[in-house]
Amino acid sequence: MEKRALKFIYGAGKYGQLLFQCFTPFMHIDYFVQTEEPERGAEVKGIPVISFEEMIRIEGDKIVFIAIGDKRISQEIERNIYRADSTNIEVYYCGNFIADNLVTRRKPYLAGDKHCIICKSNFKEFLPMGIQEEIFNRHHIIGGGYRSNCICPCCGAGDRERWFYYVLQNKTDISEISGRVLHFAPERGIMEYIKQNKKIDYYTADIVMGQAMHVTDITDIQYRDNTFDYVICNHVMEHVADEKRAVEEVKRVLKKNGKWIFSFPICTDMTTYEDSAIISPEARLKAYGQIDHVRLYGSDYKARFEKYGLELQIYSPEREIDATDISKYGFIEDDVIIVAIKKSN
Ligand SMILES: [Zn+2]
């Protein structure tokens with residue numbers, strides 16, 4: 001079962017209230033948050049207002065929408081949240097979103113020329129997301145760092161997830177086959193799409209308990225040889241220390257001509273970098289762009305996976321659709337989804 005994350009709007013003033021109006025039709029907000037201690041029992045629009053310290057003390061997964069116009073202040077708040085909170089937390093800046101989807105006096109204005117292909121909503125801007133780290137200034141890393149057009153404000157799907165959805169829909173037969181699919185670290189929108197095909201026997205897996213149907217380690221998969229028509233794992237391989245073992249396991253459980261669909265952040269201006277001596281979260285953040293990554297894939301990624309005897313097809317928005325649609329659907333133009341075919345055992 002999917003765990004529900006608590007949702008906070010940081011900023012109970014004019015911006016916070018505008019954002020609340022935008023979100024009201026499709027999203028429940030649990031709390032408003034403000035930096036200063038609110039009066040006891042304070043409410044805005046019927047939602048309790050709590051302080052930063054109270055928010056940090058609340059346990060569980062959290063999503064925080066920072067509703068403040070000044071980006072420098074938003075960034076400072078974001079840093080404080082990440083510093084203070086050790087639970088699973090996502091933080092979004094919403095300044096642009098509020099300005100662009102400006103609410104009329106009477107009703108939220110959610111219409112525009114951006115379109116989410118997953119939930120089919122229209123609006124003016126996607127929400128920005130991603131961290132600003134030094135490594136992203138030095139290198140171009142596809143799918144990493146801060147992106148201004150990332151999150152769908154209606155269903156929460158990110159840019160990479162939307163491109164993956166496009167590839168599944170337009171470049172695979174997953175909506176028609178009868179067969180078995182194994183999906184690691186499943187994305188909600190993708191899961192719902194695959195489940196629409198009732199002829200599929202669908203297994204979801206995650207290394208963390210409670211995130212999917214089964215706890216599965218990709219380097220030690222508990223299924224028999226030649227079981228699956230598709231194995232899916234987006235943004236998993238960059239967390240896996242033993243890449244070779246993981247690829248062997250995926251190949252083992254795939255049927256002949258079965259497809260492995262996967263992706264990871266790719267640094268286009270260098271070759272794959274990994275150093276097993278880099279262990280601390282700070283060092284990993286500096287070297288790879290995220291505290292729990294174990295390598296940064298580079299421009300040699302295709303040759304690297306072909307060496308395992310897989311046949312690779314690469315799908316990028318810039319090679320499939322025009323710039324207007326890339327912007328409309330909020331894709332990363334050089335994003336990469338890899339479809340690898342197992343040609344033999
Ligand atoms: Zn959406």
# chains A, B, ... in the order shown; residues from 1 in each chain; ligands from 1
$ select_by_dssp --residues "region 220-306 of chain A" --states "helix (DSSP H, G or I)" --output "ChimeraX atom specification"
/A:237-239,243-253,281-288,301-306
$ residues_around --residues "Gly112 (chain A)" --least-positions-apart "4" --cutoff "8 Å" --atoms "only C-alpha atoms" --output "list in words"
Asn122, Phe123, Lys124 and Glu125 of chain A
$ residues_near_ligand --ligand "ligand 1" --cutoff "7 Å" --atoms "only C-alpha atoms and all ligand atoms" --output "compact mmCIF listing (two decimals) with N, CA and C atoms, in the first residue's frame"
# COMPACT_ATOMS: atom_id res chain seq x y z
N CYS A 116 0.05 17.60 -18.78
CA CYS A 116 0.65 16.40 -18.19
C CYS A 116 0.06 15.18 -18.88
N ILE A 117 0.92 14.39 -19.53
CA ILE A 117 0.40 13.25 -20.30
C ILE A 117 -0.06 12.12 -19.37
N ILE A 118 0.31 12.20 -18.10
CA ILE A 118 -0.09 11.12 -17.18
C ILE A 118 -1.49 11.36 -16.64
N CYS A 119 -1.74 12.56 -16.08
CA CYS A 119 -3.07 12.79 -15.49
C CYS A 119 -3.97 13.62 -16.42
N LYS A 120 -3.43 14.02 -17.58
CA LYS A 120 -4.20 14.74 -18.62
C LYS A 120 -4.66 16.13 -18.18
N SER A 121 -3.98 16.73 -17.20
CA SER A 121 -4.36 18.08 -16.77
C SER A 121 -3.64 19.13 -17.61
N CYS A 152 4.33 17.91 -12.10
CA CYS A 152 2.94 18.23 -12.44
C CYS A 152 2.23 18.64 -11.15
N PRO A 153 1.62 19.83 -11.14
CA PRO A 153 0.95 20.28 -9.91
C PRO A 153 -0.30 19.47 -9.59
N CYS A 154 -0.79 18.69 -10.55
CA CYS A 154 -2.02 17.94 -10.29
C CYS A 154 -1.76 16.51 -9.81
N CYS A 155 -0.83 15.80 -10.44
CA CYS A 155 -0.62 14.41 -10.03
C CYS A 155 0.74 14.19 -9.38
N GLY A 156 1.60 15.19 -9.42
CA GLY A 156 2.90 15.05 -8.76
C GLY A 156 3.96 14.34 -9.58
N ALA A 157 3.61 13.91 -10.80
CA ALA A 157 4.61 13.21 -11.62
C ALA A 157 5.73 14.16 -12.02
$ closest_atom_pairs --of "region 199-279 of chain A" --to "region 324-345 of chain A" --cutoff "6 Å" --atoms "only C-alpha atoms" --output "tab-separated table"
residue	atom	partner	partner_atom	distance
A:Lys256	CA	A:Lys342	CA	5.8
A:Asn257	CA	A:Lys342	CA	5.0
A:Gly258	CA	A:Lys342	CA	5.7
A:Lys259	CA	A:Ile341	CA	4.6
A:Trp260	CA	A:Ala340	CA	5.0
A:Ile261	CA	A:Val339	CA	4.5
A:Phe262	CA	A:Ile338	CA	5.3
A:Ser263	CA	A:Ile337	CA	5.2
$ residues_around --residues "Gly60 (chain A)" --least-positions-apart "5" --cutoff "8 Å" --atoms "only C-alpha atoms" --output "list in words"
Ala5, Leu6, Thr87 and Asn88 of chain A
$ closest_atom_pairs --of "region 102-161 of chain A" --to "region 266-283 of chain A" --cutoff "6 Å" --atoms "only C-alpha atoms" --output "tab-separated table"
residue	atom	partner	partner_atom	distance
A:His140	CA	A:Cys267	CA	5.7
A:Ile141	CA	A:Cys267	CA	4.2
A:Ile142	CA	A:Ile266	CA	5.1
$ closest_residue --among "A:Asn170, A:Gln132, A:Asn197, A:Thr204" --to "Gly289 (chain A)" --atoms "only C-alpha atoms"
A:Gln132
$ atom_distance --atom1 "CA of Val181 (chain A)" --atom2 "CA of Tyr202 (chain A)"
5.0 Å
$ atom_distance --atom1 "CA of Phe20 (chain A)" --atom2 "CA of Met129 (chain A)"
18.5 Å
$ closest_atom_pairs --of "region 161-252 of chain A" --to "region 291-301 of chain A" --cutoff "8 Å" --atoms "only C-alpha atoms" --output "CSV"
residue,atom,partner,partner_atom,distance
A:Glu238,CA,A:His293,CA,5.4
A:His239,CA,A:His293,CA,4.7
A:Val240,CA,A:Val294,CA,6.7
A:Ala241,CA,A:Val294,CA,6.1
$ write_last_selection --atoms "all heavy atoms" --output "PDB file, in the first residue's frame"
ATOM      1  N   GLU A 238      22.037   3.621 -10.350  1.00  0.00           N
ATOM      2  CA  GLU A 238      23.055   4.518  -9.775  1.00  0.00           C
ATOM      3  C   GLU A 238      23.160   4.358  -8.253  1.00  0.00           C
ATOM      4  O   GLU A 238      24.035   4.941  -7.618  1.00  0.00           O
ATOM      5  CB  GLU A 238      22.774   5.983 -10.160  1.00  0.00           C
ATOM      6  CG  GLU A 238      21.538   6.620  -9.533  1.00  0.00           C
ATOM      7  CD  GLU A 238      20.255   6.368 -10.327  1.00  0.00           C
ATOM      8  OE1 GLU A 238      20.192   5.351 -11.052  1.00  0.00           O
ATOM      9  OE2 GLU A 238      19.306   7.173 -10.223  1.00  0.00           O
ATOM     10  N   HIS A 239      22.237   3.552  -7.673  1.00  0.00           N
ATOM     11  CA  HIS A 239      22.294   3.259  -6.235  1.00  0.00           C
ATOM     12  C   HIS A 239      22.930   1.895  -5.965  1.00  0.00           C
ATOM     13  O   HIS A 239      23.142   1.527  -4.813  1.00  0.00           O
ATOM     14  CB  HIS A 239      20.877   3.223  -5.633  1.00  0.00           C
ATOM     15  CG  HIS A 239      20.132   4.516  -5.752  1.00  0.00           C
ATOM     16  ND1 HIS A 239      20.117   5.455  -4.759  1.00  0.00           N
ATOM     17  CD2 HIS A 239      19.372   5.019  -6.757  1.00  0.00           C
ATOM     18  CE1 HIS A 239      19.379   6.483  -5.139  1.00  0.00           C
ATOM     19  NE2 HIS A 239      18.923   6.250  -6.355  1.00  0.00           N
ATOM     20  N   VAL A 240      23.152   1.102  -7.023  1.00  0.00           N
ATOM     21  CA  VAL A 240      23.554  -0.294  -6.845  1.00  0.00           C
ATOM     22  C   VAL A 240      25.070  -0.439  -6.997  1.00  0.00           C
ATOM     23  O   VAL A 240      25.623  -0.162  -8.064  1.00  0.00           O
ATOM     24  CB  VAL A 240      22.837  -1.188  -7.891  1.00  0.00           C
ATOM     25  CG1 VAL A 240      23.297  -2.636  -7.767  1.00  0.00           C
ATOM     26  CG2 VAL A 240      21.322  -1.096  -7.726  1.00  0.00           C
ATOM     27  N   ALA A 241      25.728  -0.901  -5.933  1.00  0.00           N
ATOM     28  CA  ALA A 241      27.189  -0.994  -5.967  1.00  0.00           C
ATOM     29  C   ALA A 241      27.640  -2.065  -6.957  1.00  0.00           C
ATOM     30  O   ALA A 241      28.542  -1.847  -7.751  1.00  0.00           O
ATOM     31  CB  ALA A 241      27.716  -1.289  -4.565  1.00  0.00           C
TER      32      ALA A 241
END
$ atom_distance --atom1 "CA of Ile174 (chain A)" --atom2 "CA of His115 (chain A)"
22.9 Å
